[in-house]
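Trainee: Sharing input-v9.cif here; it has mmCIF, C-alpha atoms.
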data_model
loop_
_atom_site.label_atom_id
_atom_site.label_comp_id
_atom_site.auth_asym_id
_atom_site.auth_seq_id
_atom_site.Cartn_x
_atom_site.Cartn_y
_atom_site.Cartn_z
CA MET A 11 4.36 19.35 22.85
CA LEU A 12 5.81 19.68 19.35
CA LEU A 13 2.62 20.68 17.52
CA ASP A 14 1.64 23.17 20.24
CA ASN A 15 4.99 24.95 20.26
CA PRO A 16 4.18 28.60 19.42
CA GLY A 17 7.57 28.99 17.78
CA ILE A 18 6.71 26.36 15.16
CA THR A 19 4.37 27.58 12.43
CA LYS A 20 3.25 26.32 9.05
CA ARG A 21 5.40 28.93 7.31
CA SER A 22 8.52 28.11 9.34
CA THR A 23 7.99 24.40 8.70
CA LEU A 24 7.64 24.92 4.94
CA GLU A 25 10.76 27.06 4.90
CA LYS A 26 12.79 24.49 6.85
CA SER A 27 11.46 21.71 4.63
CA GLU A 28 12.68 23.53 1.53
CA LYS A 29 16.03 24.30 3.11
CA PHE A 30 16.82 21.07 4.95
CA TRP A 31 14.44 18.28 3.80
CA ASN A 32 13.06 17.95 0.24
CA PRO A 33 12.93 21.18 -1.77
CA SER A 34 11.17 19.91 -4.91
CA LYS A 35 8.50 17.89 -3.11
CA THR A 36 7.73 20.80 -0.78
CA GLN A 37 7.47 23.20 -3.70
CA GLU A 38 5.46 20.86 -5.94
CA TRP A 39 2.46 20.74 -3.61
CA GLN A 40 2.50 24.48 -3.05
CA LYS A 41 2.49 25.07 -6.82
CA LYS A 42 -0.68 22.97 -6.97
CA GLY A 43 -2.28 25.13 -4.30
CA ILE A 44 -1.99 22.49 -1.59
CA ASN A 45 -0.22 24.33 1.17
CA LEU A 46 -0.51 21.51 3.69
CA VAL A 47 1.39 20.77 6.87
CA VAL A 48 -0.41 18.14 8.93
CA GLY A 49 -1.01 19.00 12.56
CA LYS A 50 -3.47 17.19 14.84
CA ARG A 51 -4.70 13.83 13.60
CA GLU A 52 -7.32 11.42 14.96
CA GLY A 53 -9.28 8.54 13.45
CA TYR A 54 -9.81 9.15 9.75
CA TYR A 55 -9.40 12.90 10.06
CA PHE A 56 -6.43 15.21 10.29
CA TRP A 57 -6.11 18.95 10.71
CA ASP A 58 -3.86 21.40 8.97
CA MET A 59 -1.55 23.30 11.31
CA GLU A 60 -3.91 26.26 10.90
CA GLY A 61 -6.88 24.20 12.07
CA LYS A 62 -8.74 23.13 8.91
CA LYS A 63 -10.15 19.58 9.13
CA TYR A 64 -9.76 16.98 6.37
CA LEU A 65 -11.31 13.57 5.75
CA ASN A 66 -8.44 11.26 4.83
CA ILE A 67 -9.31 8.91 1.95
CA HIS A 68 -5.73 8.36 0.87
CA ILE A 69 -4.56 7.06 4.28
CA ASN A 70 -1.01 6.76 2.92
CA GLY A 71 -1.79 3.70 0.82
CA GLY A 72 -3.33 1.84 3.75
CA THR A 73 -0.89 2.94 6.45
CA TYR A 74 -3.84 4.28 8.44
CA ASN A 75 -6.15 1.32 7.87
CA LEU A 76 -7.13 1.52 11.53
CA GLY A 77 -7.11 5.31 11.64
CA HIS A 78 -4.62 7.89 12.80
CA ARG A 79 -3.35 7.26 16.31
CA ASN A 80 -5.59 4.27 16.98
CA PRO A 81 -5.72 4.14 20.81
CA GLU A 82 -5.48 0.34 21.01
CA VAL A 83 -2.40 0.33 18.79
CA ILE A 84 -0.77 3.14 20.76
CA GLN A 85 -1.46 1.29 24.01
CA ALA A 86 0.15 -1.86 22.59
CA MET A 87 3.27 0.18 21.80
CA LEU A 88 3.33 1.78 25.27
CA ASP A 89 2.84 -1.57 26.99
CA ALA A 90 5.68 -3.09 24.96
CA ALA A 91 7.98 -0.17 25.79
CA GLU A 92 7.54 -0.97 29.49
CA GLU A 93 9.81 -4.00 29.07
CA LEU A 94 11.10 -4.20 25.47
CA ASP A 95 13.07 -2.21 22.92
CA ILE A 96 14.19 -2.89 19.33
CA GLY A 97 15.78 -6.11 20.48
CA ASN A 98 18.73 -7.99 18.99
CA HIS A 99 18.19 -9.26 15.47
CA HIS A 100 20.86 -11.94 15.89
CA PHE A 101 18.84 -13.96 18.40
CA PRO A 102 15.35 -15.43 18.76
CA SER A 103 12.82 -13.12 20.37
CA VAL A 104 9.56 -13.73 22.21
CA ALA A 105 7.83 -10.86 20.37
CA ARG A 106 9.04 -11.94 16.93
CA ALA A 107 8.19 -15.59 17.49
CA GLU A 108 4.68 -14.74 18.71
CA LEU A 109 4.00 -12.41 15.79
CA ALA A 110 5.35 -14.91 13.25
CA GLU A 111 3.03 -17.61 14.60
CA GLN A 112 0.07 -15.21 14.60
CA LEU A 113 0.82 -14.10 11.04
CA ALA A 114 1.05 -17.71 9.86
CA SER A 115 -2.46 -18.32 11.21
CA HIS A 116 -3.77 -15.70 8.76
CA CYS A 117 -1.95 -17.08 5.71
CA PRO A 118 -2.39 -20.20 3.57
CA GLU A 119 -1.12 -23.21 5.50
CA ALA A 120 2.03 -23.62 3.43
CA LEU A 121 3.20 -20.07 4.10
CA HIS A 122 4.39 -19.88 7.67
CA TYR A 123 7.97 -18.54 7.76
CA SER A 124 8.19 -14.77 8.33
CA VAL A 125 11.11 -12.41 7.76
CA PHE A 126 10.51 -8.97 9.27
CA SER A 127 11.72 -5.68 7.82
CA THR A 128 11.00 -1.99 8.24
CA CYS A 129 9.10 -1.11 5.03
CA GLY A 130 7.50 -2.55 1.93
CA GLY A 131 10.52 -2.00 -0.32
CA GLU A 132 12.81 -3.86 2.07
CA ALA A 133 10.29 -6.70 2.32
CA VAL A 134 10.15 -6.95 -1.49
CA ASP A 135 13.95 -7.08 -1.54
CA VAL A 136 13.75 -10.05 0.83
CA ALA A 137 11.19 -11.73 -1.44
CA ILE A 138 13.44 -11.39 -4.49
CA LYS A 139 16.51 -12.60 -2.60
CA SER A 140 14.55 -15.57 -1.31
CA ALA A 141 13.31 -16.50 -4.79
CA ARG A 142 16.79 -16.21 -6.27
CA TYR A 143 18.30 -18.42 -3.58
CA ALA A 144 15.56 -21.03 -3.93
CA THR A 145 15.63 -21.24 -7.74
CA LYS A 146 19.26 -20.32 -8.44
CA ARG A 147 17.89 -17.97 -11.10
CA LYS A 148 18.06 -14.17 -11.30
CA LYS A 149 15.31 -12.84 -13.58
CA VAL A 150 12.33 -11.07 -12.04
CA ILE A 151 9.12 -10.51 -14.01
CA SER A 152 6.73 -7.77 -12.93
CA ILE A 153 3.78 -5.93 -14.48
CA LYS A 154 4.03 -2.75 -16.53
CA GLY A 155 2.90 0.19 -14.44
CA CYS A 156 3.79 -1.45 -11.14
CA TYR A 157 5.40 -0.02 -8.05
CA HIS A 158 7.15 -2.16 -5.44
CA GLY A 159 9.12 0.33 -3.36
CA HIS A 160 12.20 2.51 -3.60
CA THR A 161 14.91 0.20 -2.24
CA GLY A 162 17.53 -1.53 -4.40
CA LEU A 163 15.93 -4.66 -5.85
CA ALA A 164 12.38 -3.41 -5.34
CA VAL A 165 12.88 -0.21 -7.35
CA SER A 166 14.53 -2.19 -10.16
CA ALA A 167 11.35 -4.26 -10.43
CA GLY A 168 9.14 -1.16 -10.68
CA ASP A 169 8.14 1.17 -13.48
CA ASP A 170 10.81 3.13 -15.37
CA VAL A 171 9.69 6.41 -13.82
CA PHE A 172 10.92 5.23 -10.42
CA LYS A 173 14.17 3.52 -11.39
CA ASP A 174 15.61 5.38 -14.38
CA PRO A 175 16.48 8.64 -12.55
CA PHE A 176 18.60 6.62 -10.11
CA LEU A 177 20.15 4.33 -12.78
CA CYS A 178 18.51 1.29 -11.16
CA ARG A 179 17.60 -0.87 -14.15
CA GLY A 180 19.76 -3.70 -12.81
CA GLU A 181 21.60 -6.18 -14.98
CA GLU A 182 20.48 -6.39 -18.59
CA GLY A 183 17.45 -8.66 -18.95
CA MET A 184 17.18 -9.43 -15.24
CA PHE A 185 14.14 -7.22 -14.59
CA VAL A 186 11.44 -7.70 -17.21
CA GLN A 187 7.92 -6.25 -17.35
CA VAL A 188 4.87 -7.53 -19.22
CA PRO A 189 1.39 -5.98 -19.63
CA LEU A 190 -1.33 -6.77 -17.11
CA ASN A 191 -3.73 -9.53 -18.24
CA ASP A 192 -1.45 -10.61 -21.12
CA ILE A 193 -0.99 -14.30 -20.38
CA ALA A 194 0.80 -14.93 -23.68
CA ALA A 195 3.46 -12.32 -22.87
CA MET A 196 3.87 -13.75 -19.38
CA GLU A 197 4.33 -17.30 -20.67
CA GLU A 198 6.73 -16.13 -23.37
CA GLU A 199 9.06 -14.89 -20.62
CA LEU A 200 8.51 -17.77 -18.22
CA LYS A 201 9.10 -20.52 -20.76
CA ARG A 202 12.74 -19.44 -21.03
CA GLU A 203 13.04 -21.10 -17.60
CA ASP A 204 15.40 -18.44 -16.27
CA THR A 205 12.91 -16.62 -14.00
CA ALA A 206 13.33 -16.63 -10.23
CA CYS A 207 9.95 -15.06 -9.50
CA VAL A 208 6.96 -13.21 -10.84
CA LEU A 209 6.26 -10.20 -8.62
CA VAL A 210 2.68 -8.92 -8.80
CA GLU A 211 0.74 -6.24 -6.95
CA THR A 212 -2.63 -7.94 -6.55
CA ILE A 213 -4.18 -4.65 -7.72
CA LEU A 214 -1.80 -2.09 -9.23
CA ALA A 215 -2.18 0.96 -6.98
CA THR A 216 0.12 3.42 -8.74
CA TYR A 217 -1.46 2.46 -12.07
CA GLY A 218 -4.94 3.40 -10.83
CA PHE A 219 -6.26 0.15 -9.31
CA PRO A 220 -7.19 -1.68 -12.52
CA LEU A 221 -8.71 -5.02 -11.54
CA PRO A 222 -6.97 -8.06 -13.02
CA ALA A 223 -9.13 -10.10 -15.38
CA GLU A 224 -10.93 -12.94 -13.65
CA GLY A 225 -8.61 -15.92 -13.41
CA TYR A 226 -5.52 -14.02 -14.56
CA LEU A 227 -3.55 -14.16 -11.31
CA LYS A 228 -4.39 -17.83 -10.82
CA LYS A 229 -3.18 -18.61 -14.34
CA VAL A 230 0.08 -16.74 -13.69
CA LYS A 231 0.62 -18.87 -10.58
CA GLU A 232 0.01 -22.02 -12.63
CA LEU A 233 2.58 -20.88 -15.19
CA CYS A 234 5.08 -20.20 -12.41
CA GLY A 235 4.64 -23.79 -11.24
CA LYS A 236 5.00 -25.12 -14.78
CA TYR A 237 8.24 -23.26 -15.48
CA GLY A 238 9.88 -23.39 -12.05
CA ALA A 239 9.43 -19.79 -10.90
CA LEU A 240 8.00 -18.55 -7.60
CA TYR A 241 4.95 -16.29 -7.33
CA VAL A 242 5.30 -13.23 -5.07
CA ALA A 243 2.05 -11.51 -4.04
CA ASP A 244 2.76 -7.88 -3.19
CA GLU A 245 -0.08 -7.19 -0.75
CA VAL A 246 1.35 -3.97 0.68
CA GLN A 247 -1.69 -1.95 -0.42
CA THR A 248 -4.27 -4.71 -0.94
CA GLY A 249 -3.68 -6.92 2.10
CA LEU A 250 -4.99 -6.76 5.66
CA MET A 251 -8.72 -6.96 4.78
CA ARG A 252 -8.79 -3.96 2.43
CA THR A 253 -10.43 -6.01 -0.33
CA GLY A 254 -12.84 -7.72 2.07
CA LYS A 255 -10.49 -10.68 2.59
CA MET A 256 -7.27 -10.82 4.58
CA TRP A 257 -5.29 -11.00 1.32
CA GLY A 258 -6.39 -9.78 -2.08
CA PHE A 259 -5.23 -12.93 -3.88
CA GLU A 260 -7.82 -14.94 -1.94
CA HIS A 261 -10.46 -13.61 -4.34
CA GLU A 262 -8.71 -15.66 -7.06
CA GLY A 263 -8.56 -18.93 -5.11
CA PHE A 264 -4.84 -19.74 -5.29
CA GLU A 265 -1.81 -19.70 -3.00
CA PRO A 266 1.33 -17.69 -3.77
CA ASP A 267 4.78 -18.82 -2.72
CA ILE A 268 5.58 -15.53 -1.01
CA ILE A 269 3.43 -12.74 0.49
CA VAL A 270 4.66 -9.23 1.22
CA THR A 271 2.82 -6.99 3.69
CA ALA A 272 3.70 -3.53 5.05
CA LYS A 273 2.10 -0.06 5.42
CA GLY A 274 -0.98 -0.84 7.58
CA PHE A 275 0.90 -3.69 9.27
CA GLY A 276 2.43 -1.14 11.65
CA GLY A 277 -0.87 0.60 12.38
CA GLY A 278 0.52 3.98 11.38
CA ILE A 279 2.50 3.92 14.62
CA TYR A 280 5.61 1.78 14.12
CA PRO A 281 7.47 0.88 10.89
CA ILE A 282 7.35 -2.86 10.30
CA SER A 283 6.80 -5.15 7.31
CA ALA A 284 6.90 -8.87 6.66
CA THR A 285 7.81 -11.32 3.91
CA ILE A 286 5.98 -14.61 4.44
CA LEU A 287 7.50 -17.64 2.73
CA ASN A 288 6.54 -21.23 1.98
CA GLU A 289 9.14 -23.91 2.60
CA LYS A 290 10.64 -23.74 -0.90
CA ALA A 291 11.00 -19.97 -0.76
CA ALA A 292 12.39 -20.19 2.77
CA LYS A 293 15.27 -22.52 1.86
CA TRP A 294 17.88 -19.91 2.78
CA LEU A 295 16.47 -19.72 6.31
CA PHE A 296 17.56 -23.33 6.81
CA ASP A 297 20.89 -23.06 4.99
CA ILE A 298 22.30 -19.59 5.62
CA GLY A 299 19.88 -17.85 7.98
CA ARG A 300 22.47 -15.46 9.40
CA LEU A 301 23.45 -14.03 6.00
CA HIS A 302 20.50 -11.66 5.87
CA GLY A 303 19.75 -9.21 8.63
CA SER A 304 17.85 -6.04 9.41
CA THR A 305 18.85 -4.27 12.61
CA CYS A 306 15.44 -2.66 13.07
CA GLY A 307 13.43 -5.18 11.06
CA GLY A 308 11.32 -7.13 13.52
CA SER A 309 11.83 -4.63 16.32
CA GLU A 310 10.28 -6.19 19.41
CA ILE A 311 8.16 -3.10 20.05
CA GLY A 312 7.11 -3.11 16.39
CA CYS A 313 6.15 -6.78 16.63
CA CYS A 314 3.83 -6.03 19.55
CA VAL A 315 2.24 -3.21 17.56
CA ALA A 316 1.76 -5.44 14.49
CA SER A 317 0.28 -8.18 16.67
CA LYS A 318 -2.41 -5.78 17.91
CA VAL A 319 -3.00 -4.61 14.32
CA LEU A 320 -3.60 -8.20 13.19
CA GLU A 321 -5.93 -8.85 16.11
CA ILE A 322 -8.07 -5.78 15.34
CA THR A 323 -8.01 -6.46 11.59
CA ALA A 324 -9.19 -10.05 12.02
CA ARG A 325 -12.12 -9.24 14.33
CA PRO A 326 -15.54 -10.28 12.96
CA SER A 327 -16.76 -6.74 13.68
CA THR A 328 -14.06 -5.35 11.38
CA ALA A 329 -15.07 -7.70 8.57
CA ASP A 330 -18.72 -6.73 9.06
CA ASN A 331 -17.82 -3.04 8.88
CA ILE A 332 -15.83 -3.54 5.68
CA ARG A 333 -18.80 -5.28 4.06
CA ARG A 334 -21.07 -2.38 5.03
CA ASN A 335 -18.61 0.20 3.77
CA THR A 336 -18.08 -1.68 0.52
CA ALA A 337 -21.82 -1.35 -0.10
CA TYR A 338 -21.85 2.32 0.98
CA LEU A 339 -19.05 3.10 -1.44
CA GLU A 340 -20.61 1.25 -4.34
CA LYS A 341 -23.89 3.09 -3.85
CA GLY A 342 -22.58 6.54 -2.91
CA ILE A 343 -19.75 6.75 -5.44
CA GLY A 344 -21.95 5.10 -8.05
CA GLU A 345 -24.54 7.86 -7.63
CA LEU A 346 -21.87 10.55 -7.96
CA GLN A 347 -20.52 8.90 -11.09
CA LYS A 348 -23.97 8.86 -12.70
CA LYS A 349 -24.59 12.47 -11.67
CA TYR A 350 -21.34 13.73 -13.23
CA ASN A 351 -20.81 11.06 -15.89
CA ASP A 352 -19.52 13.49 -18.50
CA PHE A 353 -16.54 14.17 -16.22
CA PHE A 354 -16.47 11.34 -13.67
CA THR A 355 -16.35 8.58 -16.27
CA GLY A 356 -16.07 5.35 -14.25
CA PHE A 357 -14.56 3.52 -11.31
CA THR A 358 -13.12 0.21 -10.18
CA GLN A 359 -13.75 -1.29 -6.76
CA ARG A 360 -12.69 -4.22 -4.65
CA GLY A 361 -13.72 -3.91 -1.04
CA VAL A 362 -12.85 -0.45 0.26
CA ILE A 363 -10.30 0.20 -2.49
CA MET A 364 -11.43 2.26 -5.48
CA GLY A 365 -9.96 3.92 -8.55
CA LEU A 366 -12.05 6.87 -9.81
CA GLU A 367 -11.53 7.87 -13.45
CA PHE A 368 -11.99 11.45 -14.61
CA ALA A 369 -12.02 13.12 -18.02
CA CYS A 370 -8.99 15.28 -17.29
CA GLU A 371 -5.28 15.13 -17.88
CA ASP A 372 -4.11 15.28 -14.28
CA ALA A 373 -6.48 14.68 -11.38
CA SER A 374 -3.86 15.93 -8.92
CA VAL A 375 -4.59 19.39 -10.30
CA SER A 376 -8.15 19.17 -11.60
CA VAL A 377 -9.79 17.05 -8.88
CA VAL A 378 -7.51 16.80 -5.85
CA LYS A 379 -7.42 20.58 -5.33
CA PRO A 380 -11.23 21.12 -5.34
CA LEU A 381 -11.65 18.18 -2.97
CA TYR A 382 -8.88 19.56 -0.77
CA ASP A 383 -10.64 22.93 -0.69
CA ASN A 384 -13.77 21.12 0.54
CA GLY A 385 -11.93 19.23 3.29
CA VAL A 386 -11.17 15.89 1.58
CA TRP A 387 -7.60 14.65 1.22
CA SER A 388 -7.13 12.32 -1.73
CA HIS A 389 -4.35 11.45 -4.13
CA ASN A 390 -4.20 10.51 -7.78
CA SER A 391 -2.32 7.60 -9.36
CA ARG A 392 1.06 8.70 -10.63
CA LEU A 393 1.12 6.45 -13.70
CA HIS A 394 -2.53 7.08 -14.59
CA PRO A 395 -2.81 10.68 -13.39
CA ASN A 396 -6.46 11.03 -14.40
CA ILE A 397 -7.42 8.36 -11.84
CA LEU A 398 -8.07 9.30 -8.24
CA GLN A 399 -7.37 6.77 -5.50
CA LEU A 400 -10.07 6.29 -2.88
CA LYS A 401 -8.88 4.16 0.04
CA LEU A 402 -11.39 4.00 2.86
CA GLY A 403 -10.22 2.99 6.33
CA LEU A 404 -11.34 -0.36 7.73
CA LEU A 405 -13.18 1.16 10.71
CA CYS A 406 -14.91 4.13 9.05
CA ASP A 407 -18.54 4.51 10.04
CA GLU A 408 -21.64 5.49 8.10
CA ALA A 409 -21.46 9.09 9.33
CA PHE A 410 -17.97 9.43 7.82
CA CYS A 411 -19.19 8.02 4.50
CA THR A 412 -22.17 10.38 4.45
CA GLU A 413 -19.97 13.39 5.11
CA LEU A 414 -17.51 12.16 2.49
CA PHE A 415 -20.12 11.82 -0.25
CA GLU A 416 -21.49 15.30 0.48
CA LYS A 417 -18.06 16.93 0.29
CA MET A 418 -17.08 14.90 -2.78
CA ASP A 419 -20.30 15.97 -4.51
CA THR A 420 -19.35 19.63 -4.08
CA GLY A 421 -15.69 19.08 -4.98
CA ILE A 422 -16.40 17.02 -8.10
CA ARG A 423 -19.03 19.51 -9.29
CA GLN A 424 -16.52 22.36 -8.91
CA ALA A 425 -13.83 20.37 -10.70
CA ARG A 426 -16.21 19.45 -13.51
CA ASP A 427 -17.41 22.99 -14.00
CA LYS A 428 -13.87 24.30 -14.23
CA VAL A 429 -12.56 21.59 -16.56
CA LEU A 430 -15.57 21.61 -18.86
CA HIS A 431 -15.83 25.43 -18.74
CA LYS A 432 -19.38 25.33 -17.46
CA GLY A 433 -18.94 27.45 -14.41
#
Will you turn the file into C-alpha cells for me?
Mentor:
Amino acid sequence: MLLDNPGITKRSTLEKSEKFWNPSKTQEWQKKGINLVVGKREGYYFWDMEGKKYLNIHINGGTYNLGHRNPEVIQAMLDAAEELDIGNHHFPSVARAELAEQLASHCPEALHYSVFSTCGGEAVDVAIKSARYATKRKKVISIKGCYHGHTGLAVSAGDDVFKDPFLCRGEEGMFVQVPLNDIAAMEEELKREDTACVLVETILATYGFPLPAEGYLKKVKELCGKYGALYVADEVQTGLMRTGKMWGFEHEGFEPDIIVTAKGFGGGIYPISATILNEKAAKWLFDIGRLHGSTCGGSEIGCCVASKVLEITARPSTADNIRRNTAYLEKGIGELQKKYNDFFTGFTQRGVIMGLEFACEDASVSVVKPLYDNGVWSHNSRLHPNILQLKLGLLCDEAFCTELFEKMDTGIRQARDKVLHKG
C-alpha cells in the first residue's frame, strides 16, 4: 500500500514535491507553518502522514460533499470497472446516456442536453463555446472577483490575479467584468448587443461567498433575454444541494440557459464535470456535434460514479440532513461570532456554505494556522483573504458539528488573542 510504505515519509514527500512537482506551492504552506501531507482519509476527516487527525471544512470546494472515500461511491466505481473503462468518446455510450437522462431529471425542464468533461474549467470552456456558437457573438461578461477555472477560456473569464501571469486576457474587450449587484453596469454592457453570455458563480467562492442581493440574479437573466445573451450558472461550488437546493440559482426562482457542475459531481473519486444546455445553447450539438471532444470527458466509469453521487445527493435523507446542519451552523457559528465579535466580525450563509469574516489582513495566516493546530482544516478566500471559507459536507452529523464548534472556539480565541495582542 502506498501510504503504508515505510520508505515514503512526510519529509521525503515534501522534498520530492519541491524537486519534481510544485516548488512554490509546497514552500508557501510550510512558510505559513502548515507542514501538511495528507495520509489516511475517511468521511469528513483526514490524517496527516504523522497521524494527526483533522476535521475537513474546506472539502476542496465541495469535492468531498459526500465525504472522503464514500463507500457507496467507491463501490459504484469498482462495479463499473468490472465491465467498463473510459469508453470511446466518438460513439454513444450506455453509461453516458443514462447519466445524461438522470442529470436532466434534476434540472429545469428546458435544460436536458449534457456535455461531459473532466473538470470545472473544461466545463466552463464548453459553456462559453456553446454560447458563442448559439449567438454568433464573442463577448463574455463575468463578475469582478470571480473564479471559473484555470483552462483557456475559463481563466480568461476570471479575475486578473488568475489570468494576468499567464497572459490570458483574451482578445481586447471580449472578456468584461462588472461589479456584483450592479445592475446598471451589467445592462450597460449587455445593451451593446455583442455579448454571447453572462457567466456567474451563483455565490462567489473565491471572493468570500458574498450573497447576491435578492432578485439580482433573476434580473440579470431577464436582461440576458432582453439583449440576446445566454445566462451561464456556474454551480461548481454551489450546486449539488450545498445551498439546500439542488442548484443555488433555484433560490432566485429563474432558469439559466446553461448550468456547469463539477467538483462534488465525481464524489472525490473520479474526475468528471458536466455542462447542461437548453435547446438554444445546444445548437452546436445538432449542427456540428463531432467538432468538440474530450477523450476522458464522460468516461464510462466516471459516469457510473457520478450517477451514484446524484442518487445519494437527491435522497430525502440527505436533504433532511442539510436542513439540520444549516440550523446547526447558524446557531453554532452565530454563537462564536457573538463571543468573539471584536475579531470575528460577521458571516454569510446559504445552506452549508459560509463565509466567515475576521478583523485581520490575511486569515490564511491569522486564523487558518490556529485552527490547523487544533485539528481543523479550513481555507481562506484568495480575493478576500480576511474571509474564511466554511464548507460543511452534506452528510456530516451532529457529533461532527459539536466537535467542530469546540475546536473552532479554541482556534478562534487563540487567533484573536494573538492578533489583538491580548494573549
Trainee: Could you tell me which of A:Thr161, A:Asn335, A:Thr271, A:Asn98 comes closest to Gly307 in chain A if we count all atoms listed in the file?
Mentor: A:Asn98
Trainee: List the residues selected by the PyMOL selection byres ((chain A and resi 179) around 12) in the file shown, writing them as a list in words.
Mentor: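 What the PyMOL selection byres ((chain A and resi 179) around 12) grabs from the file is Val150, Gly162, Leu163, Ala164, Val165, Ser166, Ala167, Gly168, Asp169, Asp170, Val171, Phe172, Lys173, Asp174, Pro175, Phe176, Leu177, Cys178, Gly180, Glu181, Glu182, Gly183, Met184, Phe185, Val186 and Gln187 of chain A.
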Trainee: Using all atoms listed in the file, what does the table of range 249-274 of chain A residues within 7 Å of range 128-133 of chain A look like, with each row giving the shortest atom pair and its distance in Å to one decimal, sorted by chain and ascending number, as CSV?
Mentor:
residue,atom,partner,partner_atom,distance
A:Val270,CA,A:Ala133,CA,6.3
A:Thr271,CA,A:Gly130,CA,6.7
A:Ala272,CA,A:Gly130,CA,5.0
A:Lys273,CA,A:Gly130,CA,6.9
Trainee: Counting all atoms listed in the file, which of A:Cys117, A:Ser317, A:Cys156, A:Glu371 gets nearest to Glu265 in chain A?
Mentor: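 Answer, going by the shortest atom-to-atom distance: A:Cys117.
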Trainee: From the set A:Lys290, A:Lys35, A:His302, A:His158, which residue has the shortest atom-to-atom contact distance to Leu214 in chain A, counting only C-alpha atoms?
Mentor: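 Comparing A:Lys290, A:Lys35, A:His302, A:His158 against Leu214 in chain A, the winner is A:His158.
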Trainee: Would you work out the distance separating CA of Gly238 in chain A from CA of Val134 in chain A, expressed in Å to one decimal?
Mentor: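 CA of Val134 in chain A lies 19.5 Å from CA of Gly238 in chain A.
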Trainee: Could you give me, as JSON lines, every range 198-294 of chain A residue with an atom at most 10 Å from range 350-360 of chain A, plus its closest atom pair and distance in Å to one decimal, counting all atoms listed in the file, rows ordered by chain then number?
Mentor:
{"residue": "A:Ile213", "atom": "CA", "partner": "A:Arg360", "partner_atom": "CA", "distance": 9.1}
{"residue": "A:Gly218", "atom": "CA", "partner": "A:Thr358", "partner_atom": "CA", "distance": 8.8}
{"residue": "A:Phe219", "atom": "CA", "partner": "A:Thr358", "partner_atom": "CA", "distance": 6.9}
{"residue": "A:Pro220", "atom": "CA", "partner": "A:Thr358", "partner_atom": "CA", "distance": 6.6}
{"residue": "A:Leu221", "atom": "CA", "partner": "A:Thr358", "partner_atom": "CA", "distance": 7.0}
{"residue": "A:Thr248", "atom": "CA", "partner": "A:Arg360", "partner_atom": "CA", "distance": 9.2}
{"residue": "A:Arg252", "atom": "CA", "partner": "A:Arg360", "partner_atom": "CA", "distance": 8.1}
{"residue": "A:Thr253", "atom": "CA", "partner": "A:Arg360", "partner_atom": "CA", "distance": 5.2}
{"residue": "A:Gly254", "atom": "CA", "partner": "A:Arg360", "partner_atom": "CA", "distance": 7.6}
{"residue": "A:Lys255", "atom": "CA", "partner": "A:Arg360", "partner_atom": "CA", "distance": 9.9}
{"residue": "A:Gly258", "atom": "CA", "partner": "A:Arg360", "partner_atom": "CA", "distance": 8.8}
{"residue": "A:His261", "atom": "CA", "partner": "A:Arg360", "partner_atom": "CA", "distance": 9.7}
Trainee: Given 6 Å of margin on each side, can you work out the centre and size in Å (one decimal) of an axis-aligned box holding every listed atom of range 352-370 of chain A, as JSON?
Mentor:
{"center_x": -14.3, "center_y": 5.5, "center_z": -9.1, "size_x": 22.5, "size_y": 31.5, "size_z": 30.8}
